[in-house]
file run.txt (compact mmCIF, C-alpha atoms)
# COMPACT_ATOMS: atom_id res chain seq x y z
CA MET A 1 0.00 0.00 0.00
CA ILE A 2 2.84 2.40 0.85
CA SER A 3 4.50 1.67 -2.50
CA PHE A 4 1.20 2.28 -4.24
CA LEU A 5 0.81 5.63 -2.46
CA LEU A 6 4.38 6.63 -3.27
CA PHE A 7 4.20 5.93 -7.00
CA GLY A 8 0.47 6.58 -7.46
CA CYS A 9 0.62 10.02 -5.89
CA PHE A 10 3.79 10.89 -7.82
CA ILE A 11 2.30 9.89 -11.19
CA LEU A 12 -1.00 11.65 -10.44
CA LEU A 13 0.79 14.89 -9.56
CA LEU A 14 2.87 14.70 -12.75
CA ILE A 15 -0.33 14.23 -14.79
CA LEU A 16 -1.73 17.32 -13.06
CA ARG A 17 1.43 19.18 -14.21
CA VAL A 18 2.76 19.76 -10.70
CA PRO A 19 6.52 20.48 -10.88
CA VAL A 20 8.69 17.38 -10.54
CA ALA A 21 10.37 18.53 -7.32
CA ILE A 22 7.05 19.26 -5.62
CA SER A 23 5.57 15.97 -6.87
CA LEU A 24 8.48 14.01 -5.41
CA GLY A 25 8.26 15.82 -2.07
CA LEU A 26 4.47 15.53 -1.66
CA SER A 27 4.31 11.86 -2.62
CA SER A 28 7.19 11.07 -0.22
CA ALA A 29 5.48 13.00 2.60
CA LEU A 30 2.17 11.20 2.07
CA ALA A 31 3.82 7.77 2.06
CA LEU A 32 5.86 8.70 5.14
CA LEU A 33 2.79 9.84 7.12
CA TYR A 34 0.87 6.70 6.16
CA SER A 35 3.67 4.30 7.08
CA GLY A 36 4.52 5.82 10.46
CA LYS A 37 7.88 4.03 10.34
CA VAL A 38 9.98 7.15 10.79
CA ASN A 39 9.48 10.57 12.34
CA SER A 40 8.19 13.42 10.18
CA SER A 41 11.47 15.25 10.80
CA PHE A 42 12.93 12.69 8.35
CA ILE A 43 11.88 14.96 5.47
CA ALA A 44 13.61 18.06 6.83
CA GLN A 45 16.73 16.10 7.69
CA GLY A 46 16.74 14.47 4.26
CA LEU A 47 16.49 17.80 2.47
CA VAL A 48 19.54 19.10 4.35
CA THR A 49 21.76 16.01 4.34
CA SER A 50 21.10 15.23 0.65
CA ILE A 51 22.72 18.49 -0.47
CA ASP A 52 25.41 18.56 2.24
CA SER A 53 28.02 17.25 -0.17
CA PHE A 54 31.27 18.75 -1.44
CA PRO A 55 30.95 17.21 -4.94
CA LEU A 56 27.45 18.72 -5.31
CA MET A 57 28.95 22.19 -4.90
CA ALA A 58 30.22 21.77 -8.46
CA VAL A 59 26.65 21.97 -9.81
CA PRO A 60 25.87 25.67 -9.08
CA PHE A 61 29.44 26.64 -10.03
CA PHE A 62 29.22 24.91 -13.44
CA ILE A 63 25.80 26.48 -14.05
CA LEU A 64 27.16 29.96 -13.29
CA ALA A 65 30.32 29.33 -15.32
CA GLY A 66 28.25 28.31 -18.35
CA ASP A 67 26.02 31.39 -18.06
CA LEU A 68 28.99 33.74 -17.69
CA MET A 69 30.76 32.24 -20.70
CA GLY A 70 27.61 32.23 -22.82
CA GLN A 71 26.93 35.91 -22.06
CA GLY A 72 30.59 36.83 -22.35
CA GLY A 73 30.93 36.08 -26.07
CA LEU A 74 32.66 32.71 -25.91
CA SER A 75 29.88 30.81 -27.69
CA ARG A 76 29.85 33.30 -30.60
CA ARG A 77 33.59 32.91 -31.11
CA LEU A 78 33.32 29.13 -31.06
CA LEU A 79 30.68 29.53 -33.76
CA ASN A 80 33.03 31.65 -35.86
CA VAL A 81 35.78 29.02 -35.68
CA ALA A 82 33.38 26.23 -36.63
CA SER A 83 32.13 28.31 -39.58
CA ILE A 84 35.63 28.57 -41.04
CA PHE A 85 36.33 24.86 -40.95
CA PHE A 86 32.89 23.38 -41.71
CA GLY A 87 30.82 26.09 -43.40
CA ARG A 88 31.78 25.12 -46.97
CA TYR A 89 30.43 21.55 -46.75
CA THR A 90 26.93 20.41 -47.71
CA GLY A 91 24.72 21.21 -44.74
CA GLY A 92 27.48 23.42 -43.41
CA LEU A 93 25.30 25.39 -41.00
CA ALA A 94 23.92 22.16 -39.54
CA ILE A 95 27.44 20.81 -39.01
CA ILE A 96 28.52 24.12 -37.48
CA ALA A 97 25.61 23.94 -35.02
CA ILE A 98 26.58 20.43 -33.90
CA VAL A 99 30.31 21.15 -33.57
CA THR A 100 29.67 24.37 -31.65
CA SER A 101 27.24 22.52 -29.36
CA MET A 102 29.93 19.94 -28.61
CA PHE A 103 32.39 22.67 -27.64
CA PHE A 104 29.81 24.55 -25.61
CA ALA A 105 28.86 21.28 -23.88
CA ALA A 106 32.37 21.24 -22.43
CA ILE A 107 31.62 24.67 -20.97
CA SER A 108 28.06 24.54 -19.68
CA GLY A 109 27.51 20.89 -18.67
CA SER A 110 23.81 21.35 -19.41
CA GLY A 111 21.66 20.28 -22.36
CA PRO A 112 19.00 23.05 -22.20
CA ALA A 113 21.69 25.71 -21.67
CA THR A 114 23.50 24.51 -24.80
CA VAL A 115 20.27 24.59 -26.84
CA ALA A 116 19.43 28.11 -25.66
CA ALA A 117 22.94 29.50 -26.28
CA ILE A 118 23.62 27.88 -29.66
CA GLY A 119 20.01 28.01 -30.86
CA GLY A 120 19.85 31.76 -30.30
CA LEU A 121 22.88 32.20 -32.59
CA MET A 122 22.26 29.49 -35.21
CA LEU A 123 18.50 29.31 -35.78
CA PRO A 124 18.17 32.79 -37.40
CA ALA A 125 21.14 32.03 -39.70
CA MET A 126 19.72 28.61 -40.67
CA ALA A 127 16.28 30.11 -41.37
CA LYS A 128 17.88 32.77 -43.57
CA ALA A 129 19.73 30.05 -45.51
CA GLY A 130 16.46 28.23 -46.23
CA TYR A 131 16.71 25.40 -43.68
CA ASP A 132 13.43 23.90 -42.55
CA LYS A 133 12.63 25.19 -39.05
CA GLY A 134 11.65 21.79 -37.71
CA PHE A 135 14.89 20.24 -38.98
CA SER A 136 16.98 23.06 -37.50
CA ILE A 137 15.35 22.92 -34.06
CA GLY A 138 15.39 19.12 -33.97
CA LEU A 139 19.08 19.15 -34.85
CA ILE A 140 20.07 21.73 -32.22
CA ALA A 141 17.89 20.07 -29.55
CA SER A 142 19.59 16.74 -30.29
CA ALA A 143 23.07 18.29 -30.37
CA GLY A 144 22.31 20.04 -27.08
CA SER A 145 21.76 16.68 -25.42
CA ILE A 146 25.50 16.07 -25.83
CA GLY A 147 25.83 18.70 -23.11
CA ILE A 148 25.16 16.08 -20.44
CA ILE A 149 27.46 13.45 -22.01
CA ILE A 150 30.64 15.38 -22.79
CA PRO A 151 32.27 16.39 -19.48
CA PRO A 152 31.90 18.41 -17.40
CA SER A 153 28.31 17.24 -16.97
CA ILE A 154 25.91 18.07 -14.16
CA PRO A 155 23.99 14.75 -14.43
CA MET A 156 27.33 12.90 -14.32
CA ILE A 157 28.13 14.60 -11.02
CA ILE A 158 24.74 13.55 -9.63
CA TYR A 159 25.28 9.97 -10.84
CA ALA A 160 28.76 9.83 -9.28
CA VAL A 161 27.39 11.01 -5.93
CA SER A 162 24.42 8.61 -6.08
CA ALA A 163 26.50 5.59 -7.18
CA ASN A 164 29.49 6.45 -4.97
CA VAL A 165 31.94 6.42 -7.89
CA SER A 166 34.67 8.86 -8.91
CA ILE A 167 33.52 12.03 -10.69
CA THR A 168 36.84 12.16 -12.52
CA GLN A 169 36.36 8.60 -13.83
CA ILE A 170 32.78 9.17 -15.01
CA PHE A 171 33.94 12.37 -16.73
CA LEU A 172 36.69 10.44 -18.52
CA ALA A 173 34.26 7.72 -19.54
CA GLY A 174 31.98 10.25 -21.24
CA ILE A 175 34.56 11.66 -23.66
CA ILE A 176 34.51 8.98 -26.40
CA PRO A 177 30.70 8.43 -26.30
CA GLY A 178 30.10 12.19 -26.45
CA LEU A 179 32.40 12.63 -29.45
CA MET A 180 30.92 9.60 -31.22
CA ILE A 181 27.36 10.84 -30.77
CA GLY A 182 28.47 14.18 -32.19
CA ILE A 183 29.96 12.44 -35.24
CA ALA A 184 26.78 10.37 -35.68
CA LEU A 185 24.67 13.55 -35.61
CA ILE A 186 26.98 15.23 -38.15
CA PHE A 187 26.67 12.23 -40.49
CA THR A 188 22.87 12.26 -40.12
CA ALA A 189 22.72 16.01 -40.75
CA TYR A 190 24.92 15.65 -43.84
CA ILE A 191 22.70 12.90 -45.32
CA ASN A 192 19.54 14.96 -44.70
CA ALA A 193 21.16 18.11 -46.06
CA ARG A 194 22.12 16.35 -49.30
CA ARG A 195 18.58 15.08 -49.70
CA GLU A 196 17.04 18.51 -49.04
CA GLY A 197 19.64 20.44 -51.02
CA TYR A 198 21.09 22.52 -48.18
CA LYS A 199 24.29 23.89 -49.70
CA GLY A 200 27.42 25.01 -47.91
CA SER A 201 28.83 28.52 -47.94
CA ASP A 202 30.70 29.76 -51.00
CA LYS A 203 32.87 32.01 -48.88
CA ARG A 204 36.55 31.12 -48.76
CA TYR A 205 38.87 32.31 -46.03
CA SER A 206 42.47 33.37 -46.40
CA SER A 207 45.15 32.01 -44.09
CA LYS A 208 45.24 35.39 -42.37
CA GLU A 209 41.47 35.35 -41.71
CA ILE A 210 41.64 31.80 -40.36
CA PHE A 211 44.47 32.70 -38.02
CA GLN A 212 42.72 35.87 -36.81
CA THR A 213 39.44 34.03 -36.11
CA VAL A 214 41.13 31.18 -34.26
CA TRP A 215 43.32 33.62 -32.33
CA ASP A 216 40.28 35.68 -31.35
CA ALA A 217 38.61 32.49 -30.04
CA LYS A 218 41.67 31.21 -28.16
CA TRP A 219 40.20 32.03 -24.75
CA ALA A 220 37.05 30.07 -25.58
CA LEU A 221 39.00 27.13 -27.02
CA LEU A 222 41.12 26.98 -23.87
CA VAL A 223 38.14 26.37 -21.57
CA PRO A 224 37.97 22.55 -22.01
CA VAL A 225 41.77 22.37 -21.78
CA ILE A 226 41.88 24.28 -18.50
CA ILE A 227 38.88 22.62 -16.82
CA LEU A 228 39.33 19.04 -18.00
CA GLY A 229 43.12 19.20 -18.13
CA GLY A 230 43.18 20.48 -14.56
CA ILE A 231 40.89 17.69 -13.36
CA TYR A 232 42.70 14.84 -15.13
CA GLY A 233 46.10 16.31 -14.39
CA GLY A 234 45.33 16.36 -10.68
CA ALA A 235 45.63 20.14 -10.34
CA PHE A 236 42.17 20.44 -8.81
CA THR A 237 39.03 18.45 -8.05
CA PRO A 238 35.90 18.70 -10.25
CA THR A 239 34.32 21.01 -7.66
CA GLU A 240 37.38 23.26 -7.64
CA ALA A 241 37.42 23.13 -11.46
CA ALA A 242 33.88 24.49 -11.50
CA ALA A 243 34.96 27.42 -9.33
CA VAL A 244 37.95 28.00 -11.63
CA GLY A 245 35.49 28.04 -14.55
CA VAL A 246 33.45 30.79 -12.88
CA ILE A 247 36.52 32.98 -12.34
CA TYR A 248 37.79 32.30 -15.86
CA GLY A 249 34.40 33.08 -17.45
CA PHE A 250 34.13 36.31 -15.45
CA ILE A 251 37.63 37.53 -16.33
CA VAL A 252 37.35 36.67 -20.04
CA GLY A 253 33.82 38.06 -20.43
CA VAL A 254 34.40 41.32 -18.53
CA PHE A 255 38.06 42.21 -19.07
CA ILE A 256 39.18 40.43 -22.27
CA TYR A 257 36.19 40.18 -24.64
CA LYS A 258 34.39 43.00 -22.76
CA GLU A 259 30.98 41.68 -23.85
CA LEU A 260 29.84 40.92 -20.31
CA LYS A 261 28.94 44.28 -18.80
CA TRP A 262 28.90 44.98 -15.08
CA SER A 263 25.22 45.80 -15.43
CA ASP A 264 24.61 42.29 -16.81
CA LEU A 265 26.14 40.51 -13.82
CA TYR A 266 23.09 40.74 -11.59
CA ARG A 267 20.84 39.25 -14.27
CA VAL A 268 23.33 36.44 -15.04
CA ILE A 269 23.90 35.58 -11.37
CA ALA A 270 20.18 35.74 -10.58
CA GLY A 271 19.37 33.42 -13.51
CA SER A 272 22.08 30.97 -12.44
CA ALA A 273 20.86 31.08 -8.85
CA LEU A 274 17.32 30.28 -9.97
CA THR A 275 18.51 27.34 -12.07
CA SER A 276 20.74 26.10 -9.25
CA ALA A 277 17.92 26.35 -6.72
CA THR A 278 15.67 24.31 -9.00
CA VAL A 279 18.35 21.62 -9.32
CA ILE A 280 19.04 21.55 -5.57
CA VAL A 281 15.35 21.22 -4.68
CA ILE A 282 15.01 18.33 -7.14
CA VAL A 283 18.09 16.66 -5.63
CA GLY A 284 16.68 17.04 -2.11
CA THR A 285 13.16 15.78 -2.78
CA ALA A 286 14.36 12.99 -5.09
CA THR A 287 16.73 11.81 -2.36
CA ILE A 288 13.85 11.60 0.12
CA PHE A 289 11.82 9.69 -2.47
CA GLY A 290 14.74 7.31 -2.96
CA ARG A 291 15.11 6.78 0.79
CA MET A 292 11.42 5.92 1.06
CA LEU A 293 11.98 3.34 -1.67
CA ALA A 294 14.86 1.91 0.35
CA ILE A 295 12.78 1.76 3.55
CA GLU A 296 10.15 -0.25 1.67
CA ARG A 297 12.91 -2.43 0.13
CA ILE A 298 11.53 -1.70 -3.35
CA PRO A 299 14.99 -1.61 -5.02
CA PHE A 300 15.82 -5.06 -3.66
CA MET A 301 12.48 -6.51 -4.76
CA ILE A 302 12.87 -5.12 -8.28
CA ALA A 303 16.45 -6.36 -8.48
CA ASP A 304 15.39 -9.86 -7.39
CA TYR A 305 12.51 -9.84 -9.87
CA ILE A 306 14.71 -8.87 -12.83
CA VAL A 307 17.41 -11.38 -11.93
CA HIS A 308 14.78 -14.13 -11.64
CA ILE A 309 13.51 -13.31 -15.14
CA THR A 310 16.96 -13.71 -16.67
CA ASP A 311 20.59 -13.70 -15.58
CA SER A 312 21.83 -12.72 -19.05
CA PRO A 313 23.66 -9.34 -18.97
CA ILE A 314 22.58 -8.75 -22.59
CA LEU A 315 18.86 -9.15 -21.85
CA ILE A 316 19.06 -7.28 -18.54
CA LEU A 317 20.76 -4.29 -20.20
CA LEU A 318 18.20 -4.37 -23.01
CA LEU A 319 15.30 -4.34 -20.51
CA ILE A 320 16.93 -1.52 -18.56
CA ASN A 321 17.51 0.49 -21.75
CA VAL A 322 13.84 0.22 -22.70
CA PHE A 323 12.83 1.18 -19.16
CA LEU A 324 15.19 4.18 -19.06
CA LEU A 325 13.99 5.42 -22.45
CA LEU A 326 10.44 5.40 -21.11
CA VAL A 327 11.55 7.11 -17.90
CA GLY A 328 13.40 9.76 -19.91
CA MET A 329 10.17 10.57 -21.71
CA LEU A 330 8.38 11.27 -18.44
CA MET A 331 10.85 12.33 -15.77
CA GLU A 332 13.40 15.07 -15.26
CA THR A 333 16.98 13.82 -15.70
CA LEU A 334 18.40 14.53 -12.24
CA ALA A 335 15.38 13.11 -10.41
CA ALA A 336 15.54 9.97 -12.54
CA ILE A 337 19.21 9.45 -11.68
CA ILE A 338 18.78 9.87 -7.93
CA ILE A 339 15.71 7.61 -7.77
CA LEU A 340 16.79 4.88 -10.16
CA VAL A 341 20.50 4.44 -9.42
CA PRO A 342 19.83 2.68 -6.07
CA ILE A 343 17.31 0.43 -7.87
CA LEU A 344 19.20 -0.47 -11.04
CA LEU A 345 22.86 -0.39 -10.01
CA PRO A 346 22.64 -3.53 -7.81
CA VAL A 347 20.96 -5.36 -10.71
CA VAL A 348 23.68 -4.63 -13.26
CA THR A 349 26.62 -5.06 -10.90
CA ALA A 350 25.22 -8.48 -9.93
CA VAL A 351 25.72 -9.61 -13.54
CA GLY A 352 29.19 -8.09 -13.86
CA VAL A 353 28.50 -4.67 -15.40
CA ASP A 354 30.98 -1.98 -14.35
CA PRO A 355 29.30 0.94 -12.47
CA ILE A 356 31.16 3.50 -14.63
CA HIS A 357 30.03 1.77 -17.84
CA PHE A 358 26.45 1.64 -16.54
CA GLY A 359 26.66 5.32 -15.67
CA ILE A 360 27.39 6.19 -19.29
CA VAL A 361 24.56 3.93 -20.49
CA MET A 362 22.19 5.66 -18.09
CA ILE A 363 23.36 9.19 -18.99
CA VAL A 364 23.02 8.52 -22.75
CA ASN A 365 19.54 7.08 -22.20
CA LEU A 366 18.45 10.16 -20.30
CA ALA A 367 20.15 12.43 -22.86
CA ILE A 368 17.86 10.87 -25.47
CA GLY A 369 15.01 11.67 -23.07
CA LEU A 370 15.83 15.36 -23.51
CA VAL A 371 14.55 15.12 -27.09
CA THR A 372 11.58 12.78 -26.54
CA PRO A 373 8.14 14.12 -25.60
CA PRO A 374 6.15 14.64 -23.46
CA VAL A 375 8.93 16.07 -21.22
CA GLY A 376 11.65 16.61 -23.89
CA VAL A 377 13.14 19.73 -22.27
CA ASN A 378 15.51 20.44 -25.17
CA LEU A 379 12.63 20.37 -27.64
CA PHE A 380 10.66 22.87 -25.56
CA VAL A 381 13.66 25.20 -25.26
CA GLY A 382 14.44 24.85 -28.99
CA SER A 383 10.86 25.50 -30.11
CA ARG A 384 10.69 28.54 -27.84
CA VAL A 385 14.00 29.97 -29.12
CA GLY A 386 13.04 29.16 -32.72
CA GLU A 387 9.49 30.47 -32.30
CA THR A 388 7.81 27.47 -33.89
CA SER A 389 5.49 24.67 -32.83
CA LEU A 390 6.62 21.76 -30.70
CA GLU A 391 5.19 19.37 -33.30
CA LYS A 392 7.62 20.67 -35.95
CA ALA A 393 10.53 20.34 -33.55
CA ILE A 394 9.58 16.74 -32.74
CA SER A 395 9.29 15.87 -36.42
CA GLY A 396 12.69 17.37 -37.18
CA SER A 397 14.38 15.46 -34.35
CA VAL A 398 13.36 11.97 -35.56
CA PRO A 399 16.46 11.21 -37.72
CA PHE A 400 18.76 12.36 -34.93
CA PHE A 401 16.81 10.36 -32.35
CA ILE A 402 17.40 7.22 -34.43
CA ALA A 403 21.13 7.97 -34.71
CA MET A 404 21.40 8.42 -30.94
CA LEU A 405 19.54 5.14 -30.34
CA LEU A 406 22.06 3.28 -32.50
CA MET A 407 24.91 4.86 -30.56
CA LEU A 408 23.24 3.86 -27.29
CA LEU A 409 23.17 0.20 -28.35
CA LEU A 410 26.84 0.43 -29.31
CA PHE A 411 27.86 1.85 -25.93
CA THR A 412 25.65 -0.58 -24.05
CA TYR A 413 27.16 -3.74 -25.47
CA ILE A 414 30.75 -2.60 -26.09
CA PRO A 415 32.04 -1.28 -22.72
CA TRP A 416 35.40 -0.42 -24.29
CA PHE A 417 34.10 2.95 -25.49
CA SER A 418 33.41 3.98 -21.89
CA LEU A 419 36.20 2.18 -20.03
CA PHE A 420 39.19 2.62 -22.36
CA PRO A 421 40.02 6.19 -21.21
CA LEU A 422 40.11 4.94 -17.61
CA SER A 423 42.86 2.50 -18.48
CA LEU A 424 45.06 5.42 -19.52
CA ILE A 425 45.20 6.81 -15.98
CA ASP A 426 45.48 3.51 -14.08
call {"tool": "encode", "arguments": {"input": "run.txt", "output": "C-alpha cells"}}
result
Amino acid sequence: MISFLLFGCFILLLILRVPVAISLGLSSALALLYSGKVNSSFIAQGLVTSIDSFPLMAVPFFILAGDLMGQGGLSRRLLNVASIFFGRYTGGLAIIAIVTSMFFAAISGSGPATVAAIGGLMLPAMAKAGYDKGFSIGLIASAGSIGIIIPPSIPMIIYAVSANVSITQIFLAGIIPGLMIGIALIFTAYINARREGYKGSDKRYSSKEIFQTVWDAKWALLVPVIILGGIYGGAFTPTEAAAVGVIYGFIVGVFIYKELKWSDLYRVIAGSALTSATVIVIVGTATIFGRMLAIERIPFMIADYIVHITDSPILILLLINVFLLLVGMLMETLAAIIILVPILLPVVTAVGVDPIHFGIVMIVNLAIGLVTPPVGVNLFVGSRVGETSLEKAISGSVPFFIAMLLMLLLFTYIPWFSLFPLSLID
C-alpha cells in the first residue's frame, strides 16, 4: 500500500502538471505519514543532508560558469571558428551547429543551456539560408543533449554522488561516447542536407582570416583544456574546477572580450541562482523519495525480480535500456538518476557490469530523453528559441533520435568505449 501511495501520488501529480520537485516531495510525505515508520522530521533532515556534499557544490558553479561564458561572447567565437572549418560543406550550418554545441557542452555541462545559447545564434542564420525550421530545431535540440554526455556534466556529477563512484572517472568515460554521438549527428545532418539540397557557404577564407578568427577564439578554445586538463592532471578536483570556470568566465567576459557588462552581472547571477535552486530542490526531494523506496525495500524486490527473469547481462541491459527510455520521456533527468541508481545499479553489478560503464549507459539514455516528448526539455527550449510549434521540432528530431539510439546500443554492449580512457590513468 505504501509503494502504491508513493508511486500513485507521484504519477498523479505529474499528470496534473505539478513540478517534478514538488511531486516528489508531496508523494514522499504522504507515504511517510501513512507508514509511520519514521518521524516526520525525516523529510527536513533528508532535504539538508542530501545536499550537504562537497561534490554537489560543483553543480551551481558549473551552471554559473556556463552562463557567464555564454553571455561573455565565448559561444559566438566558437561559432566563428566552426564556420571557417565546416561552413563550406553540404549542410554546413547544420554541421557548425553540432560542432559548436559539442564545444559549448564542455563549458556549460547542461543540455538546455546549450540549446538556448547555440540556438539563439544558429536558428536565425539557418532560417535565412532556407533550412526547414523543424529540422533546425530538432538538430540543435539533439546536439544540445551532448551537453550532459561530454564532461563536465551536471547529471554525471549527480550519478557519481548517487553511485558512490569517482567524478573524474565518469567524466573520462563520457569523452569517447560524447564525441561519437556528435559524429553520428553530423553524419545524419549531412545525409539529410544532401537530400534537401542545403548547400554550404561559398565564402573562402584566407590564411590570415583563419588565423585571426582562431586567435580571437583562443580564450574560448582553452576552456575545455583548463577545466578538464586540470581535473585529469590532478591540479584540482571537479568542484574546484567548476569554481575556476566561474573565475575564468568572469575575467574573459568582462576584461578580455568585454561583452559581459557589469550591469549584466546581476541578471546572469540571478538566472544561475534560480537554475541552481531548482536543481538543488530536485536533488533534495528525489533523495527523500529514494530513501522511502529503500525503507520499503523496493529496489531489492525489483532487483530480485529482474534477476529471476533472466541472468543474461545482454537481456538485462536491453530491458533496462527500454525502461530508461520510457523514464526519460516522463521524468526530469536529475530526479531519474537519484531515484533509479539505487534500484538499477545492484541489478547490473550483480551480472558483472561496471558501475562506470552503466553510468554512461544511463546518462546517454536520459540524454535521449531530452529530445523525446512529453517532457523533452531540449525540444521545448528549442521550439521557444526558434518560435515554432513543438510538433515541428519533434518531427525534425526523428532522424537524430534514431542515430542516438544506434549509438546507445553500441555503448551498451561494447564497454570499451566507456572504459578505455580509464585505463590510460590507471
call {"tool": "residues_near_point", "arguments": {"input": "run.txt", "point": "(33.0, 12.1, -16.7)", "cutoff": "7 Å", "atoms": "only C-alpha atoms", "output": "number ranges by chain"}}
result
A: 151-153, 156, 167-174
call {"tool": "closest_residue", "arguments": {"input": "run.txt", "among": "A:Val81, A:Leu340, A:Ile309, A:Cys9", "to": "Asp216 of chain A", "atoms": "all atoms listed in the file"}}
result
A:Val81
call {"tool": "atom_distance", "arguments": {"input": "run.txt", "atom1": "atom CA of Leu326 of chain A", "atom2": "atom CA of Phe358 of chain A"}}
result
17.1 Å
call {"tool": "atom_distance", "arguments": {"input": "run.txt", "atom1": "atom CA of Val341 of chain A", "atom2": "atom CA of Val307 of chain A"}}
result
16.3 Å
call {"tool": "atom_distance", "arguments": {"input": "run.txt", "atom1": "atom CA of Phe86 of chain A", "atom2": "atom CA of Ile191 of chain A"}}
result
15.1 Å
call {"tool": "closest_residue", "arguments": {"input": "run.txt", "among": "A:Ile247, A:Leu179, A:Ile256, A:Ile314", "to": "Ala65 of chain A", "atoms": "all atoms listed in the file"}}
result
A:Ile247
call {"tool": "closest_atom_pairs", "arguments": {"input": "run.txt", "of": "segment 191-247 of chain A", "to": "segment 46-55 of chain A", "cutoff": "9 Å", "atoms": "only C-alpha atoms", "output": "JSON lines"}}
result
{"residue": "A:Thr237", "atom": "CA", "partner": "A:Pro55", "partner_atom": "CA", "distance": 8.7}
{"residue": "A:Pro238", "atom": "CA", "partner": "A:Pro55", "partner_atom": "CA", "distance": 7.4}
{"residue": "A:Thr239", "atom": "CA", "partner": "A:Pro55", "partner_atom": "CA", "distance": 5.8}
call {"tool": "closest_residue", "arguments": {"input": "run.txt", "among": "A:Pro224, A:Gly386, A:Gly8, A:Gly25", "to": "Phe289 of chain A", "atoms": "all atoms listed in the file"}}
result
A:Gly25
call {"tool": "decode", "arguments": {"input": "run.txt", "residues": "segment 400-416 of chain A", "atoms": "N, CA and C atoms", "output": "short mmCIF file (atom, residue, chain, number, x, y, z; two decimals), in the first residue's frame"}}
result
data_model
loop_
_atom_site.label_atom_id
_atom_site.label_comp_id
_atom_site.auth_asym_id
_atom_site.auth_seq_id
_atom_site.Cartn_x
_atom_site.Cartn_y
_atom_site.Cartn_z
N PHE A 400 17.70 12.26 -35.92
CA PHE A 400 18.76 12.36 -34.93
C PHE A 400 18.48 11.45 -33.73
N PHE A 401 17.22 11.30 -33.41
CA PHE A 401 16.81 10.36 -32.35
C PHE A 401 17.23 8.94 -32.72
N ILE A 402 17.02 8.55 -33.98
CA ILE A 402 17.40 7.22 -34.43
C ILE A 402 18.91 7.03 -34.35
N ALA A 403 19.66 8.05 -34.76
CA ALA A 403 21.13 7.97 -34.71
C ALA A 403 21.61 7.81 -33.27
N MET A 404 21.00 8.52 -32.34
CA MET A 404 21.40 8.42 -30.94
C MET A 404 21.04 7.05 -30.36
N LEU A 405 19.91 6.49 -30.79
CA LEU A 405 19.54 5.14 -30.34
C LEU A 405 20.58 4.11 -30.76
N LEU A 406 21.04 4.21 -32.01
CA LEU A 406 22.06 3.28 -32.50
C LEU A 406 23.35 3.42 -31.69
N MET A 407 23.73 4.64 -31.38
CA MET A 407 24.91 4.86 -30.56
C MET A 407 24.73 4.28 -29.16
N LEU A 408 23.52 4.41 -28.62
CA LEU A 408 23.24 3.86 -27.29
C LEU A 408 23.46 2.35 -27.26
N LEU A 409 22.98 1.66 -28.28
CA LEU A 409 23.17 0.20 -28.35
C LEU A 409 24.66 -0.14 -28.43
N LEU A 410 25.40 0.66 -29.17
CA LEU A 410 26.84 0.43 -29.31
C LEU A 410 27.54 0.56 -27.96
N PHE A 411 27.22 1.63 -27.23
CA PHE A 411 27.86 1.85 -25.93
C PHE A 411 27.41 0.84 -24.89
N THR A 412 26.18 0.37 -25.02
CA THR A 412 25.65 -0.58 -24.05
C THR A 412 26.39 -1.91 -24.10
N TYR A 413 26.63 -2.39 -25.32
CA TYR A 413 27.16 -3.74 -25.47
C TYR A 413 28.66 -3.80 -25.77
N ILE A 414 29.28 -2.63 -25.93
CA ILE A 414 30.75 -2.60 -26.09
C ILE A 414 31.30 -1.64 -25.03
N PRO A 415 31.58 -2.14 -23.82
CA PRO A 415 32.04 -1.28 -22.72
C PRO A 415 33.35 -0.55 -23.02
N TRP A 416 34.10 -1.02 -23.99
CA TRP A 416 35.40 -0.42 -24.29
C TRP A 416 35.30 1.08 -24.51
#
